[in-house]
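Chemist: Enclosed is the structure file data06.cif (mmCIF, C-alpha atoms).
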data_model
loop_
_atom_site.label_atom_id
_atom_site.label_comp_id
_atom_site.auth_asym_id
_atom_site.auth_seq_id
_atom_site.Cartn_x
_atom_site.Cartn_y
_atom_site.Cartn_z
CA MET F 1 119.32 83.74 95.04
CA GLN F 2 120.43 82.62 98.49
CA PRO F 3 118.00 83.00 101.37
CA TYR F 4 118.48 86.00 103.62
CA PRO F 5 120.46 85.23 106.76
CA SER F 6 117.65 86.61 108.94
CA LYS F 7 113.89 86.33 108.74
CA LEU F 8 113.50 89.81 110.21
CA LEU F 9 115.71 91.26 107.51
CA GLU F 10 113.80 89.34 104.86
CA GLN F 11 110.45 90.69 106.07
CA ALA F 12 111.75 94.25 106.06
CA VAL F 13 113.15 93.80 102.54
CA ASN F 14 109.85 92.30 101.37
CA GLU F 15 107.90 95.26 102.70
CA ILE F 16 110.31 97.94 101.46
CA SER F 17 110.43 96.40 97.99
CA ARG F 18 106.66 96.94 97.63
CA LEU F 19 107.28 100.67 97.39
CA PRO F 20 107.07 102.02 93.83
CA GLY F 21 110.35 101.88 91.93
CA ILE F 22 112.16 99.87 94.60
CA GLY F 23 113.54 96.46 93.68
CA ARG F 24 114.84 93.83 96.07
CA LYS F 25 118.47 94.94 95.81
CA THR F 26 117.64 98.56 96.60
CA ALA F 27 115.37 97.40 99.41
CA LEU F 28 118.22 95.37 100.90
CA ARG F 29 120.51 98.38 100.67
CA MET F 30 117.91 100.48 102.51
CA ALA F 31 117.37 97.82 105.17
CA LEU F 32 121.13 97.59 105.82
CA HIS F 33 121.29 101.37 105.98
CA LEU F 34 118.52 101.36 108.61
CA LEU F 35 120.36 98.70 110.62
CA ARG F 36 123.29 101.09 110.94
CA ARG F 37 121.07 103.97 112.10
CA ASP F 38 119.94 104.62 115.67
CA THR F 39 116.83 102.76 116.80
CA SER F 40 115.14 106.11 117.43
CA GLU F 41 115.64 107.18 113.81
CA VAL F 42 114.18 103.93 112.50
CA GLU F 43 111.23 104.27 114.87
CA ALA F 44 110.68 107.83 113.64
CA LEU F 45 110.49 106.55 110.07
CA GLY F 46 108.15 103.66 110.86
CA GLN F 47 105.87 105.74 113.06
CA ALA F 48 105.74 108.71 110.68
CA VAL F 49 104.57 106.48 107.87
CA ILE F 50 101.94 104.71 109.99
CA ARG F 51 100.70 107.96 111.55
CA MET F 52 100.40 109.63 108.18
CA ARG F 53 98.33 106.75 106.80
CA LYS F 54 96.06 106.66 109.86
CA GLU F 55 95.59 110.33 110.62
CA VAL F 56 95.79 112.28 107.40
CA ILE F 57 92.51 113.94 106.43
CA TYR F 58 91.28 114.95 103.00
CA CYS F 59 89.84 118.43 102.54
CA ASN F 60 86.02 118.26 102.54
CA ARG F 61 85.86 120.52 99.57
CA CYS F 62 88.75 119.91 97.19
CA LYS F 63 89.87 116.44 98.42
CA ASN F 64 93.42 117.69 98.83
CA ILE F 65 95.45 116.16 101.65
CA SER F 66 95.07 118.27 104.76
CA ASP F 67 95.46 118.38 108.52
CA ASN F 68 92.02 120.01 108.89
CA ASP F 69 88.55 119.46 107.50
CA VAL F 70 89.14 122.30 105.05
CA CYS F 71 92.61 122.69 103.54
CA SER F 72 94.57 125.94 103.77
CA ILE F 73 94.01 126.75 100.10
CA CYS F 74 90.22 126.41 100.29
CA ALA F 75 90.17 128.32 103.59
CA ASN F 76 92.10 131.24 102.10
CA LEU F 77 89.38 133.78 101.26
CA LYS F 78 91.80 135.90 99.25
CA ARG F 79 91.75 133.22 96.57
CA ASP F 80 89.22 133.20 93.74
CA GLN F 81 86.72 130.60 94.96
CA PHE F 82 84.93 130.41 91.60
CA THR F 83 87.80 129.15 89.45
CA VAL F 84 88.59 125.49 90.03
CA CYS F 85 91.69 123.76 88.71
CA VAL F 86 91.11 120.00 88.34
CA VAL F 87 94.26 117.94 88.92
CA GLU F 88 95.17 114.28 89.26
CA ASP F 89 96.83 114.37 92.67
CA ILE F 90 98.39 116.53 95.31
CA ARG F 91 101.78 116.64 93.52
CA ASP F 92 100.09 118.59 90.74
CA VAL F 93 98.63 121.00 93.30
CA MET F 94 102.14 121.61 94.61
CA ALA F 95 103.50 122.04 91.06
CA VAL F 96 100.86 124.64 90.16
CA GLU F 97 101.27 126.42 93.50
CA ASN F 98 105.03 126.67 92.87
CA THR F 99 104.35 128.79 89.78
CA ASN F 100 102.59 131.49 91.87
CA GLN F 101 100.41 132.06 88.79
CA PHE F 102 97.14 130.59 90.00
CA GLY F 103 94.88 132.34 92.46
CA GLY F 104 91.90 130.01 92.33
CA VAL F 105 91.15 126.78 94.16
CA TYR F 106 91.67 123.12 93.29
CA HIS F 107 89.80 119.89 92.94
CA VAL F 108 91.93 116.77 93.38
CA LEU F 109 90.54 113.74 91.54
CA GLY F 110 92.80 111.25 93.30
CA GLY F 111 93.77 109.59 90.02
CA ILE F 112 92.64 109.41 86.41
CA ILE F 113 90.36 107.00 84.60
CA SER F 114 92.46 103.98 83.68
CA PRO F 115 90.65 100.74 82.84
CA MET F 116 94.00 98.93 82.67
CA ASP F 117 94.62 99.67 86.35
CA GLY F 118 90.97 99.08 87.26
CA VAL F 119 90.33 102.77 87.97
CA GLY F 120 86.86 103.91 86.85
CA PRO F 121 85.06 107.26 87.26
CA GLN F 122 83.42 106.01 90.47
CA ASP F 123 86.87 105.68 92.08
CA LEU F 124 87.62 109.36 91.53
CA SER F 125 86.11 112.42 93.18
CA ILE F 126 84.19 113.45 90.07
CA ASP F 127 80.73 113.42 91.67
CA SER F 128 81.93 115.81 94.35
CA LEU F 129 83.28 118.10 91.61
CA LEU F 130 79.81 118.20 90.06
CA ASP F 131 78.27 118.89 93.46
CA ARG F 132 80.67 121.77 93.94
CA ILE F 133 79.85 123.27 90.56
CA GLU F 134 76.15 123.07 91.39
CA MET F 135 76.43 124.48 94.92
CA GLU F 136 79.26 126.98 94.75
CA ASN F 137 78.53 128.97 91.57
CA ILE F 138 81.82 127.91 90.02
CA THR F 139 82.39 129.94 86.84
CA GLU F 140 85.43 128.20 85.33
CA VAL F 141 86.86 124.69 85.45
CA ILE F 142 90.49 124.37 84.32
CA LEU F 143 91.36 120.80 83.36
CA ALA F 144 95.04 120.26 84.20
CA LEU F 145 95.34 116.51 83.68
CA PRO F 146 98.24 114.70 81.96
CA THR F 147 98.28 114.41 78.14
CA THR F 148 98.08 110.63 78.14
CA ILE F 149 95.28 108.45 76.82
CA GLU F 150 94.03 108.15 80.39
CA GLY F 151 94.24 111.91 80.93
CA ASP F 152 92.39 112.62 77.68
CA THR F 153 89.72 110.05 78.57
CA THR F 154 89.23 111.69 81.96
CA ASN F 155 89.09 115.17 80.41
CA PHE F 156 86.47 113.96 77.95
CA TYR F 157 84.42 112.22 80.63
CA ILE F 158 84.42 115.25 82.91
CA ALA F 159 83.65 117.66 80.06
CA ARG F 160 80.64 115.57 79.03
CA ARG F 161 79.29 115.44 82.54
CA LEU F 162 79.75 119.21 82.85
CA ASN F 163 77.62 119.75 79.73
CA ARG F 164 74.48 120.54 81.70
CA PHE F 165 76.14 123.37 83.63
CA SER F 166 76.83 126.79 82.19
CA VAL F 167 80.43 126.65 83.40
CA LYS F 168 83.41 127.65 81.27
CA ILE F 169 85.74 124.69 80.67
CA THR F 170 89.38 125.36 79.80
CA THR F 171 92.53 123.28 79.68
CA ILE F 172 96.11 124.34 80.34
CA ALA F 173 98.10 125.46 77.27
CA ARG F 174 100.30 122.86 75.60
CA GLY F 175 103.22 124.13 73.56
CA ILE F 176 106.96 124.38 73.24
CA SER F 177 108.66 124.72 76.63
CA ILE F 178 110.37 128.02 77.36
CA GLY F 179 113.99 127.68 76.22
CA ASP F 180 113.38 124.67 73.94
CA GLU F 181 114.55 124.59 70.31
CA LEU F 182 111.81 124.22 67.69
CA GLU F 183 113.83 121.65 65.72
CA TYR F 184 113.84 119.20 68.63
CA ALA F 185 110.15 119.58 69.52
CA ASP F 186 107.82 116.73 68.59
CA GLU F 187 105.39 117.48 65.75
CA VAL F 188 102.22 117.16 67.79
CA THR F 189 103.35 119.73 70.33
CA LEU F 190 104.71 122.09 67.66
CA GLY F 191 101.55 121.69 65.58
CA ARG F 192 99.36 122.47 68.57
CA SER F 193 101.49 125.45 69.54
CA ILE F 194 100.84 126.93 66.10
CA LEU F 195 97.11 126.18 66.13
CA ASN F 196 96.78 127.68 69.60
CA ARG F 197 99.03 130.67 68.95
CA THR F 198 98.48 133.65 71.23
CA PRO F 199 98.51 137.39 70.43
CA TYR F 200 101.96 138.93 70.72
CA ASN F 201 101.88 141.64 73.37
CA VAL F 202 104.34 144.47 73.02
CA SER F 203 104.62 145.70 76.58
CA ILE F 204 107.70 147.68 77.70
CA MET G 1 109.09 125.09 97.16
CA GLN G 2 105.59 125.43 98.61
CA PRO G 3 104.92 123.97 102.04
CA TYR G 4 103.27 120.58 102.14
CA PRO G 5 99.52 120.75 102.67
CA SER G 6 99.77 118.46 105.71
CA LYS G 7 102.27 118.27 108.56
CA LEU G 8 101.82 114.50 108.76
CA LEU G 9 102.67 114.14 105.09
CA GLU G 10 105.66 116.43 105.52
CA GLN G 11 107.00 114.37 108.43
CA ALA G 12 106.64 111.15 106.47
CA VAL G 13 108.40 112.71 103.45
CA ASN G 14 111.20 114.01 105.70
CA GLU G 15 111.78 110.57 107.15
CA ILE G 16 111.54 108.67 103.88
CA SER G 17 113.94 111.08 102.16
CA ARG G 18 116.65 110.17 104.69
CA LEU G 19 116.92 106.74 103.08
CA PRO G 20 119.95 106.40 100.80
CA GLY G 21 119.33 107.47 97.20
CA ILE G 22 115.87 108.89 97.93
CA GLY G 23 115.28 112.57 97.24
CA ARG G 24 112.30 114.63 98.37
CA LYS G 25 110.35 114.12 95.14
CA THR G 26 110.71 110.35 95.26
CA ALA G 27 109.85 110.39 98.96
CA LEU G 28 106.67 112.31 98.19
CA ARG G 29 105.77 109.80 95.49
CA MET G 30 106.27 106.96 97.98
CA ALA G 31 104.24 108.72 100.68
CA LEU G 32 101.34 109.27 98.26
CA HIS G 33 101.60 105.62 97.20
CA LEU G 34 101.33 104.57 100.85
CA LEU G 35 98.30 106.82 101.33
CA ARG G 36 96.51 104.85 98.65
CA ARG G 37 97.39 101.48 100.23
CA ASP G 38 95.45 99.75 103.01
CA THR G 39 96.30 100.81 106.55
CA SER G 40 97.32 97.21 107.31
CA GLU G 41 99.91 97.24 104.52
CA VAL G 42 101.41 100.49 105.75
CA GLU G 43 101.52 99.15 109.29
CA ALA G 44 103.25 96.00 108.04
CA LEU G 45 105.95 98.18 106.45
CA GLY G 46 106.44 100.40 109.47
CA GLN G 47 106.47 97.53 111.95
CA ALA G 48 108.75 95.31 109.86
CA VAL G 49 111.36 98.05 109.72
CA ILE G 50 111.16 98.83 113.44
CA ARG G 51 111.18 95.15 114.44
CA MET G 52 114.17 94.43 112.25
CA ARG G 53 116.14 97.28 113.80
CA LYS G 54 115.22 96.26 117.33
CA GLU G 55 115.41 92.49 117.18
CA VAL G 56 118.03 91.55 114.62
CA ILE G 57 121.08 89.84 116.15
CA TYR G 58 124.61 89.68 114.82
CA CYS G 59 126.35 86.32 114.75
CA ASN G 60 128.75 86.05 117.71
CA ARG G 61 131.43 84.68 115.51
CA CYS G 62 131.34 86.26 112.08
CA LYS G 63 129.21 89.37 112.84
CA ASN G 64 126.83 88.48 110.03
CA ILE G 65 123.17 89.40 110.52
CA SER G 66 121.33 86.48 112.05
CA ASP G 67 118.23 85.39 113.92
CA ASN G 68 120.33 83.32 116.35
CA ASP G 69 123.51 83.81 118.35
CA VAL G 70 125.43 81.87 115.73
CA CYS G 71 124.46 82.30 112.07
CA SER G 72 123.53 79.37 109.85
CA ILE G 73 126.80 79.55 107.92
CA CYS G 74 128.97 79.39 111.04
CA ALA G 75 126.78 76.66 112.50
CA ASN G 76 127.13 74.50 109.38
CA LEU G 77 129.84 71.99 110.31
CA LYS G 78 130.15 70.79 106.72
CA ARG G 79 131.85 74.09 105.90
CA ASP G 80 135.59 74.59 106.21
CA GLN G 81 135.87 76.44 109.52
CA PHE G 82 139.53 77.34 108.97
CA THR G 83 139.19 79.47 105.85
CA VAL G 84 137.72 82.90 106.56
CA CYS G 85 136.53 85.28 103.85
CA VAL G 86 136.64 88.89 105.09
CA VAL G 87 133.91 91.08 103.54
CA GLU G 88 132.55 94.58 104.02
CA ASP G 89 128.92 93.74 104.71
CA ILE G 90 126.21 91.15 104.45
CA ARG G 91 125.47 91.93 100.81
CA ASP G 92 128.93 90.63 99.96
CA VAL G 93 128.25 87.45 101.93
CA MET G 94 125.12 86.95 99.83
CA ALA G 95 127.03 87.66 96.61
CA VAL G 96 129.76 85.12 97.42
CA GLU G 97 127.19 82.56 98.58
CA ASN G 98 125.37 82.95 95.28
CA THR G 99 128.45 81.69 93.43
CA ASN G 100 128.36 78.34 95.29
CA GLN G 101 132.16 78.37 95.02
CA PHE G 102 133.09 79.07 98.62
CA GLY G 103 132.89 76.42 101.31
CA GLY G 104 134.52 78.35 104.15
CA VAL G 105 133.14 80.82 106.65
CA TYR G 106 132.96 84.62 106.70
CA HIS G 107 133.93 87.57 108.78
CA VAL G 108 131.81 90.67 108.24
CA LEU G 109 133.65 93.92 109.02
CA GLY G 110 130.52 96.07 108.99
CA GLY G 111 132.19 98.68 106.78
CA ILE G 112 135.63 99.71 105.59
CA ILE G 113 138.12 102.25 106.92
CA SER G 114 137.05 105.63 105.56
CA PRO G 115 138.36 108.74 107.34
CA MET G 116 136.12 110.90 105.13
CA ASP G 117 133.03 109.25 106.62
CA GLY G 118 134.55 109.12 110.09
CA VAL G 119 134.95 105.32 110.03
CA GLY G 120 138.12 104.14 111.72
CA PRO G 121 139.45 100.62 112.47
CA GLN G 122 137.86 100.72 115.93
CA ASP G 123 134.40 101.02 114.30
CA LEU G 124 134.88 97.74 112.43
CA SER G 125 135.00 94.20 113.75
CA ILE G 126 138.75 93.84 113.14
CA ASP G 127 139.68 93.01 116.73
CA SER G 128 137.22 90.15 116.74
CA LEU G 129 138.81 88.88 113.50
CA LEU G 130 142.20 88.79 115.24
CA ASP G 131 140.65 87.02 118.22
CA ARG G 132 139.20 84.42 115.91
CA ILE G 133 142.51 83.82 114.17
CA GLU G 134 144.17 83.34 117.52
CA MET G 135 141.50 81.07 119.02
CA GLU G 136 140.21 79.05 116.06
CA ASN G 137 143.39 77.96 114.26
CA ILE G 138 142.38 79.79 111.10
CA THR G 139 144.72 78.82 108.26
CA GLU G 140 143.70 81.23 105.51
CA VAL G 141 142.20 84.72 105.43
CA ILE G 142 140.74 85.76 102.06
CA LEU G 143 140.41 89.54 101.76
CA ALA G 144 137.36 90.25 99.58
CA LEU G 145 137.04 94.03 100.03
CA PRO G 146 136.27 96.57 97.29
CA THR G 147 139.12 97.90 95.12
CA THR G 148 138.69 101.47 96.26
CA ILE G 149 141.15 103.59 98.21
CA GLU G 150 139.16 102.72 101.33
CA GLY G 151 139.17 99.02 100.50
CA ASP G 152 142.92 99.04 99.84
CA THR G 153 143.55 100.91 103.09
CA THR G 154 141.50 98.37 105.00
CA ASN G 155 143.30 95.46 103.28
CA PHE G 156 146.65 96.98 104.19
CA TYR G 157 145.64 97.65 107.78
CA ILE G 158 144.32 94.12 108.30
CA ALA G 159 147.33 92.53 106.61
CA ARG G 160 149.71 94.45 108.87
CA ARG G 161 147.86 93.44 111.99
CA LEU G 162 147.88 89.82 110.83
CA ASN G 163 151.69 89.91 110.51
CA ARG G 164 152.26 88.23 113.84
CA PHE G 165 150.16 85.20 112.95
CA SER G 166 151.32 82.42 110.65
CA VAL G 167 148.12 82.65 108.63
CA LYS G 168 147.99 82.65 104.85
CA ILE G 169 146.56 85.92 103.49
CA THR G 170 145.02 85.96 100.03
CA THR G 171 142.83 88.32 98.07
CA ILE G 172 140.24 87.55 95.42
CA ALA G 173 141.49 87.59 91.81
CA ARG G 174 141.02 90.80 89.84
CA GLY G 175 140.92 90.50 86.08
CA ILE G 176 138.86 90.79 82.95
CA SER G 177 135.24 89.72 83.52
CA ILE G 178 134.10 86.57 81.74
CA GLY G 179 132.64 87.64 78.39
CA ASP G 180 134.31 91.08 78.35
CA GLU G 181 136.33 92.31 75.36
CA LEU G 182 140.00 93.06 76.02
CA GLU G 183 139.88 96.28 74.02
CA TYR G 184 137.28 97.81 76.35
CA ALA G 185 138.99 96.78 79.60
CA ASP G 186 140.77 99.47 81.60
CA GLU G 187 144.58 99.25 81.59
CA VAL G 188 144.97 98.63 85.33
CA THR G 189 142.69 95.62 85.25
CA LEU G 190 144.19 94.24 82.03
CA GLY G 191 147.72 94.84 83.35
CA ARG G 192 146.93 93.00 86.57
CA SER G 193 145.28 90.16 84.73
CA ILE G 194 148.55 89.60 82.81
CA LEU G 195 150.76 89.89 85.91
CA ASN G 196 148.55 87.46 87.78
CA ARG G 197 148.05 85.04 84.89
CA THR G 198 147.09 81.51 85.87
CA PRO G 199 148.25 78.17 84.40
CA TYR G 200 146.07 77.01 81.51
CA ASN G 201 144.52 73.69 82.45
CA VAL G 202 143.60 71.36 79.64
CA SER G 203 140.94 69.26 81.25
CA ILE G 204 138.26 67.58 79.13
#
As structure tokens, please, write out the structure in this file.
Modeler:
Amino acid sequence: MQPYPSKLLEQAVNEISRLPGIGRKTALRMALHLLRRDTSEVEALGQAVIRMRKEVIYCNRCKNISDNDVCSICANLKRDQFTVCVVEDIRDVMAVENTNQFGGVYHVLGGIISPMDGVGPQDLSIDSLLDRIEMENITEVILALPTTIEGDTTNFYIARRLNRFSVKITTIARGISIGDELEYADEVTLGRSILNRTPYNVSI
Amino acid sequence: MQPYPSKLLEQAVNEISRLPGIGRKTALRMALHLLRRDTSEVEALGQAVIRMRKEVIYCNRCKNISDNDVCSICANLKRDQFTVCVVEDIRDVMAVENTNQFGGVYHVLGGIISPMDGVGPQDLSIDSLLDRIEMENITEVILALPTTIEGDTTNFYIARRLNRFSVKITTIARGISIGDELEYADEVTLGRSILNRTPYNVSI
């Protein structure tokens, strides 16, 4: 590979290519795109990213990203404050919120236990979850973590630490997606969907 | 879509998603990735991008991106200064340089004529190409633009404006890629590769 014709360009490409999923060719394409934009637009991008990193706050209670000490979901007293949905990160909060099916509050772990990536329980907000359960009379904890080895490990770890509390622990249902054909479903999912079958409700 | 839990996050996502090929979901993933990085890393990214946009210079002669008034290729007197390869942007310069087969100099148009995107000849460095041909005794202009309608239009436009000079105009060879099977080649390429067949050299 030839050297870049400009050190400034090279530095920008180096930095952009550290973003997840961005290789050097894509980074170069982005840098050239920015060179064609107005200086003000490029400044807006650079400053927005720096400001976000410096000024964003995490909710005291659920560790969700927030502009205030307590996020808008925790501050909403119409929500059921005794049902806590435990998720990996804020994207999962947004996904669950999009369903409009959950009226409780969240607890954002900030990751899942993954020894391969050097993430242990102490790196996640698990202690603060236990504090909340102790202090806030939480009645139900819904584990909504991914079905990977890391997700299962984290579920197991949290469930064991919750042993000493009389809190109900549930996990989101796994099964065949709405609209999917049974013949194309993997056996584990189909098997689980039969084991965890639900009563058929004849309503209207 | 639910609102973002933080205005700062939303602004960062808005700005990142203006990059080419980046949707809002990818932008959110990148923003969350940056939130987990050190502040210094995020500042390095933001500053590198802003500095590049503000401080990068274009070579006086060939309009390539440069750190100096004249880029390293133009300043290299070992190169043939009378053969000019006309390319769309700096990525094409890097691609041709990577072949190690070109010893001449470049002229970077900064785009191609594309009425759909509002890019006309006056937006490209075509006038400066004509100035160069007049002033520098250029003997050959190699057109190395993409084979799209826009590329062909640009080729045609440049060739017509070069009419009044006694400069040789060539274009890079189009044909079957090395290693490709004839049966999978498209007819236009295969047809052209027969029309523009080259003498077979038996050398060692």
Chemist: On this structure, the PyMOL selection byres ((chain F and resi 113-129) around 10) would catch which residues? List them as a PyMOL selection string, sorted by chain and number.
Modeler: chain F and resi 60-63+84+86+88+106-112+130-135+141+149-155+157-158+161-162
Chemist: In file coordinates, which residues lie within 12 Å of (101.6, 114.4, 108.8) using all atoms listed in the file, given as a ChimeraX atom specification?
Modeler: /F:45,47-58,65-68 /G:4-15,28,31-32,35
Chemist: Please return, as a ChimeraX atom specification, all polymer residues that have at least one atom within 9 Å of the point (97.8, 125.7, 80.6); use all atoms listed in the file and the file's own coordinate frame.
Modeler: /F:142-144,170-174
Chemist: Have a look at CA of Lys25 in chain F and CA of Ser40 in chain G and let me know their distance in Å, one decimal.
Modeler: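 Straight-line distance from CA of Lys25 in chain F to CA of Ser40 in chain G works out to 24.2 Å.
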Chemist: Distance CA of Cys71 in chain G-CA of Arg18 in chain F, one decimal place?
Modeler: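 Going from CA of Cys71 in chain G over to CA of Arg18 in chain F, I get 27.2 Å.
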Chemist: In Å, with one decimal, what is the gap from CA of Arg24 in chain G to CA of Gly21 in chain F?
Modeler: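 According to the coordinates, CA of Arg24 in chain G and CA of Gly21 in chain F are separated by 14.4 Å.
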Chemist: Return range 49-57 of chain F, completed with all heavy atoms, as a compact mmCIF listing (two decimals), in the frame of the given file.
Modeler:
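Once written, rebuild_28.txt looks like this:
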# COMPACT_ATOMS: atom_id res chain seq x y z
N VAL F 49 105.30 107.06 108.99
CA VAL F 49 104.57 106.48 107.87
C VAL F 49 103.20 105.97 108.35
O VAL F 49 102.17 106.21 107.72
CB VAL F 49 105.42 105.37 107.24
CG1 VAL F 49 104.59 104.49 106.36
CG2 VAL F 49 106.58 105.98 106.45
N ILE F 50 103.20 105.27 109.48
CA ILE F 50 101.94 104.71 109.99
C ILE F 50 100.99 105.85 110.40
O ILE F 50 99.80 105.83 110.08
CB ILE F 50 102.22 103.77 111.19
CG1 ILE F 50 103.03 102.55 110.70
CG2 ILE F 50 100.92 103.32 111.84
CD1 ILE F 50 103.51 101.64 111.82
N ARG F 51 101.54 106.84 111.10
CA ARG F 51 100.70 107.96 111.55
C ARG F 51 100.09 108.69 110.37
O ARG F 51 98.91 109.05 110.37
CB ARG F 51 101.54 108.96 112.36
CG ARG F 51 101.27 108.90 113.83
CD ARG F 51 101.89 110.08 114.55
NE ARG F 51 101.05 111.27 114.53
CZ ARG F 51 101.50 112.50 114.80
NH1 ARG F 51 102.78 112.69 115.08
NH2 ARG F 51 100.69 113.53 114.78
N MET F 52 100.92 108.94 109.35
CA MET F 52 100.40 109.63 108.18
C MET F 52 99.22 108.87 107.60
O MET F 52 98.16 109.44 107.35
CB MET F 52 101.50 109.78 107.13
CG MET F 52 100.99 110.34 105.82
SD MET F 52 102.20 110.22 104.49
CE MET F 52 102.18 108.44 104.18
N ARG F 53 99.39 107.54 107.43
CA ARG F 53 98.33 106.75 106.80
C ARG F 53 97.06 106.78 107.64
O ARG F 53 95.95 106.83 107.12
CB ARG F 53 98.80 105.31 106.59
CG ARG F 53 97.75 104.39 105.97
CD ARG F 53 97.37 104.87 104.58
NE ARG F 53 96.27 104.09 104.03
CZ ARG F 53 95.00 104.35 104.28
NH1 ARG F 53 94.67 105.34 105.10
NH2 ARG F 53 94.06 103.61 103.73
N LYS F 54 97.24 106.76 108.99
CA LYS F 54 96.06 106.66 109.86
C LYS F 54 95.38 107.99 110.08
O LYS F 54 94.17 108.05 110.25
CB LYS F 54 96.48 106.10 111.22
CG LYS F 54 96.70 104.60 111.21
CD LYS F 54 96.88 104.10 112.64
CE LYS F 54 96.89 102.59 112.70
NZ LYS F 54 97.34 102.15 114.03
N GLU F 55 96.16 109.08 110.12
CA GLU F 55 95.59 110.33 110.62
C GLU F 55 95.37 111.41 109.57
O GLU F 55 94.72 112.40 109.86
CB GLU F 55 96.50 110.88 111.75
CG GLU F 55 96.55 109.95 112.94
CD GLU F 55 97.48 110.44 114.04
OE1 GLU F 55 97.80 111.65 114.07
OE2 GLU F 55 97.90 109.60 114.86
N VAL F 56 95.94 111.21 108.38
CA VAL F 56 95.79 112.28 107.40
C VAL F 56 94.32 112.43 107.01
O VAL F 56 93.57 111.45 106.96
CB VAL F 56 96.69 111.99 106.16
CG1 VAL F 56 95.88 111.75 104.92
CG2 VAL F 56 97.69 113.11 105.95
N ILE F 57 93.90 113.66 106.78
CA ILE F 57 92.51 113.94 106.43
C ILE F 57 92.50 114.51 105.00
O ILE F 57 93.50 115.09 104.57
CB ILE F 57 91.90 115.00 107.37
CG1 ILE F 57 92.23 114.67 108.82
CG2 ILE F 57 90.39 115.08 107.20
CD1 ILE F 57 91.70 115.72 109.78
